Amino acid sequence: MERDTSGLPADVLNPNCPSRVIFQRIGDKWASLVVQVLAEGPVRFSDLRKMVSVVTPKVLTQTLRSLERDGLVTRTVHAQVPPRVDYELTALGRSLLDPLALLRAWAESHVPAILAARDAYDDAQDEALLG
């Protein structure tokens, strides 16, 4: 079912705007990790699961289906025994790599400050309870 969104301003803060759903999908931890793993090219499901780590097969399958539905990933089934399935970013999916790289760099470079802030917050909460 196609939706006519022409003339509608995108506003992620509007709960009725389709951009909100897309923003949530991209912000999902598994989706953003999958997109980054697929940056180097096609990857088989089992290899993708190893590279993402900790994700269950069910959750990874759901994530891949959602990314495929949104046009960010393609799924290719190779006719062989056993069947081989590869996942790859589409051009639209590849367009996410730069923004995700910026977010990843920010997250990785700010880990010490965020952990220190958490510790300070937790210490203040503990002190308030005890004091």
# chains A, B, ... in the order shown; residues from 1 in each chain; ligands from 1
$ select_by_dssp --residues "chain A" --states "strand (DSSP E or B)" --output "MDAnalysis selection string"
chainID A and resid 43:44 73:78 84:89
$ residues_around --residues "Val37 of chain A" --least-positions-apart "4" --cutoff "12 Å" --atoms "only C-alpha atoms" --output "PyMOL selection string"
chain A and resi 30-33+41-45+47-53+73+87-89+93-94+97+100-101
$ write_last_selection --atoms "C-alpha atoms" --output "PDB file, in the first residue's frame"
ATOM      1  CA  TRP A  30      20.188  -4.125  16.468  1.00  0.00           C
ATOM      2  CA  ALA A  31      19.287  -2.298  13.256  1.00  0.00           C
ATOM      3  CA  SER A  32      22.142   0.184  13.564  1.00  0.00           C
ATOM      4  CA  LEU A  33      24.616  -2.615  14.336  1.00  0.00           C
ATOM      5  CA  GLY A  41      29.338  -5.961   1.592  1.00  0.00           C
ATOM      6  CA  PRO A  42      27.089  -9.042   1.579  1.00  0.00           C
ATOM      7  CA  VAL A  43      27.109 -11.191   4.709  1.00  0.00           C
ATOM      8  CA  ARG A  44      25.513 -14.560   5.435  1.00  0.00           C
ATOM      9  CA  PHE A  45      23.009 -14.790   8.284  1.00  0.00           C
ATOM     10  CA  ASP A  47      28.246 -14.627   9.979  1.00  0.00           C
ATOM     11  CA  LEU A  48      26.084 -11.577  10.588  1.00  0.00           C
ATOM     12  CA  ARG A  49      24.878 -13.057  13.868  1.00  0.00           C
ATOM     13  CA  LYS A  50      28.462 -13.728  14.998  1.00  0.00           C
ATOM     14  CA  MET A  51      29.562 -10.213  14.093  1.00  0.00           C
ATOM     15  CA  VAL A  52      26.638  -8.512  15.841  1.00  0.00           C
ATOM     16  CA  SER A  53      27.003 -10.793  18.895  1.00  0.00           C
ATOM     17  CA  VAL A  73      18.653  -4.249   3.054  1.00  0.00           C
ATOM     18  CA  TYR A  87      22.116  -9.810   3.218  1.00  0.00           C
ATOM     19  CA  GLU A  88      23.389  -6.592   1.701  1.00  0.00           C
ATOM     20  CA  LEU A  89      22.748  -2.879   2.061  1.00  0.00           C
ATOM     21  CA  GLY A  93      20.926   1.596   3.407  1.00  0.00           C
ATOM     22  CA  ARG A  94      24.430   2.733   2.436  1.00  0.00           C
ATOM     23  CA  LEU A  97      26.650   4.721   6.946  1.00  0.00           C
ATOM     24  CA  LEU A 100      25.914   6.126  11.864  1.00  0.00           C
ATOM     25  CA  ALA A 101      29.706   6.527  11.717  1.00  0.00           C
TER      26      ALA A 101
END
$ residues_around --residues "segment 14-29 of chain A" --least-positions-apart "6" --cutoff "12 Å" --atoms "only C-alpha atoms" --output "ChimeraX atom specification"
/A:3-5,8,35-36,52-55,59-60,62-72,93,95-97,99-100,103-104
$ select_by_dssp --residues "chain A" --states "helix (DSSP H, G or I)" --output "mmCIF file with C-alpha atoms, in the first residue's frame"
data_model
loop_
_atom_site.group_PDB
_atom_site.id
_atom_site.type_symbol
_atom_site.label_atom_id
_atom_site.label_comp_id
_atom_site.auth_asym_id
_atom_site.auth_seq_id
_atom_site.Cartn_x
_atom_site.Cartn_y
_atom_site.Cartn_z
ATOM 1 C CA PRO A 18 6.002 8.506 9.312
ATOM 2 C CA SER A 19 9.510 9.832 9.923
ATOM 3 C CA ARG A 20 9.057 8.928 13.599
ATOM 4 C CA VAL A 21 8.768 5.225 12.759
ATOM 5 C CA ILE A 22 11.828 5.451 10.531
ATOM 6 C CA PHE A 23 13.746 7.294 13.253
ATOM 7 C CA GLN A 24 12.836 4.555 15.727
ATOM 8 C CA ARG A 25 13.944 1.836 13.301
ATOM 9 C CA ILE A 26 17.319 3.464 12.708
ATOM 10 C CA GLY A 27 17.704 4.100 16.442
ATOM 11 C CA LYS A 29 20.367 -0.969 18.565
ATOM 12 C CA TRP A 30 20.188 -4.125 16.468
ATOM 13 C CA ALA A 31 19.287 -2.298 13.256
ATOM 14 C CA SER A 32 22.142 0.184 13.564
ATOM 15 C CA LEU A 33 24.616 -2.615 14.336
ATOM 16 C CA VAL A 34 23.403 -4.694 11.374
ATOM 17 C CA VAL A 35 23.758 -1.732 9.021
ATOM 18 C CA GLN A 36 27.329 -1.177 10.218
ATOM 19 C CA VAL A 37 28.239 -4.857 9.810
ATOM 20 C CA LEU A 38 26.837 -4.857 6.268
ATOM 21 C CA ALA A 39 28.962 -1.817 5.343
ATOM 22 C CA GLU A 40 31.681 -4.077 3.900
ATOM 23 C CA PHE A 45 23.009 -14.790 8.284
ATOM 24 C CA SER A 46 25.250 -16.926 10.512
ATOM 25 C CA ASP A 47 28.246 -14.627 9.979
ATOM 26 C CA LEU A 48 26.084 -11.577 10.588
ATOM 27 C CA ARG A 49 24.878 -13.057 13.868
ATOM 28 C CA LYS A 50 28.462 -13.728 14.998
ATOM 29 C CA MET A 51 29.562 -10.213 14.093
ATOM 30 C CA VAL A 52 26.638 -8.512 15.841
ATOM 31 C CA PRO A 57 18.314 -15.638 15.734
ATOM 32 C CA LYS A 58 14.662 -14.610 16.154
ATOM 33 C CA VAL A 59 15.483 -10.970 16.890
ATOM 34 C CA LEU A 60 18.052 -10.817 14.093
ATOM 35 C CA THR A 61 15.508 -12.256 11.645
ATOM 36 C CA GLN A 62 12.907 -9.675 12.741
ATOM 37 C CA THR A 63 15.458 -6.881 12.412
ATOM 38 C CA LEU A 64 16.525 -7.993 8.932
ATOM 39 C CA ARG A 65 12.907 -8.281 7.774
ATOM 40 C CA SER A 66 12.167 -4.778 9.035
ATOM 41 C CA LEU A 67 15.257 -3.369 7.325
ATOM 42 C CA GLU A 68 14.304 -5.196 4.119
ATOM 43 C CA ARG A 69 10.748 -3.871 4.311
ATOM 44 C CA ALA A 91 21.854 2.325 -1.857
ATOM 45 C CA LEU A 92 19.374 3.732 0.659
ATOM 46 C CA GLY A 93 20.926 1.596 3.407
ATOM 47 C CA ARG A 94 24.430 2.733 2.436
ATOM 48 C CA LEU A 97 26.650 4.721 6.946
ATOM 49 C CA ASP A 98 28.008 8.253 7.329
ATOM 50 C CA PRO A 99 25.443 9.382 9.927
ATOM 51 C CA LEU A 100 25.914 6.126 11.864
ATOM 52 C CA ALA A 101 29.706 6.527 11.717
ATOM 53 C CA LEU A 102 29.361 9.987 13.277
ATOM 54 C CA LEU A 103 27.086 8.672 16.004
ATOM 55 C CA ARG A 104 29.415 5.722 16.659
ATOM 56 C CA ALA A 105 32.459 8.011 16.899
ATOM 57 C CA TRP A 106 30.589 10.283 19.305
ATOM 58 C CA ALA A 107 29.489 7.349 21.478
ATOM 59 C CA GLU A 108 32.928 5.748 21.568
ATOM 60 C CA SER A 109 34.736 9.009 22.333
ATOM 61 C CA VAL A 111 32.257 6.692 27.000
ATOM 62 C CA PRO A 112 34.503 7.940 29.849
ATOM 63 C CA ALA A 113 32.435 11.097 30.411
ATOM 64 C CA ILE A 114 29.152 9.206 30.342
ATOM 65 C CA LEU A 115 30.397 6.512 32.734
ATOM 66 C CA ALA A 116 31.700 9.222 35.091
ATOM 67 C CA ALA A 117 28.325 11.000 34.942
ATOM 68 C CA ARG A 118 26.532 7.741 35.741
ATOM 69 C CA ASP A 119 28.808 7.064 38.693
ATOM 70 C CA ALA A 120 28.288 10.602 40.037
ATOM 71 C CA TYR A 121 24.519 10.290 39.623
ATOM 72 C CA ASP A 122 24.425 6.884 41.334
ATOM 73 C CA ASP A 123 26.625 8.148 44.191
ATOM 74 C CA ALA A 124 24.318 11.146 44.690
ATOM 75 C CA GLN A 125 21.252 8.876 44.687
ATOM 76 C CA ASP A 126 22.875 6.535 47.211
ATOM 77 C CA GLU A 127 23.871 9.475 49.422
ATOM 78 C CA ALA A 128 20.330 10.880 49.308
ATOM 79 C CA LEU A 129 18.901 7.507 50.394
ATOM 80 C CA LEU A 130 21.408 7.058 53.204
#
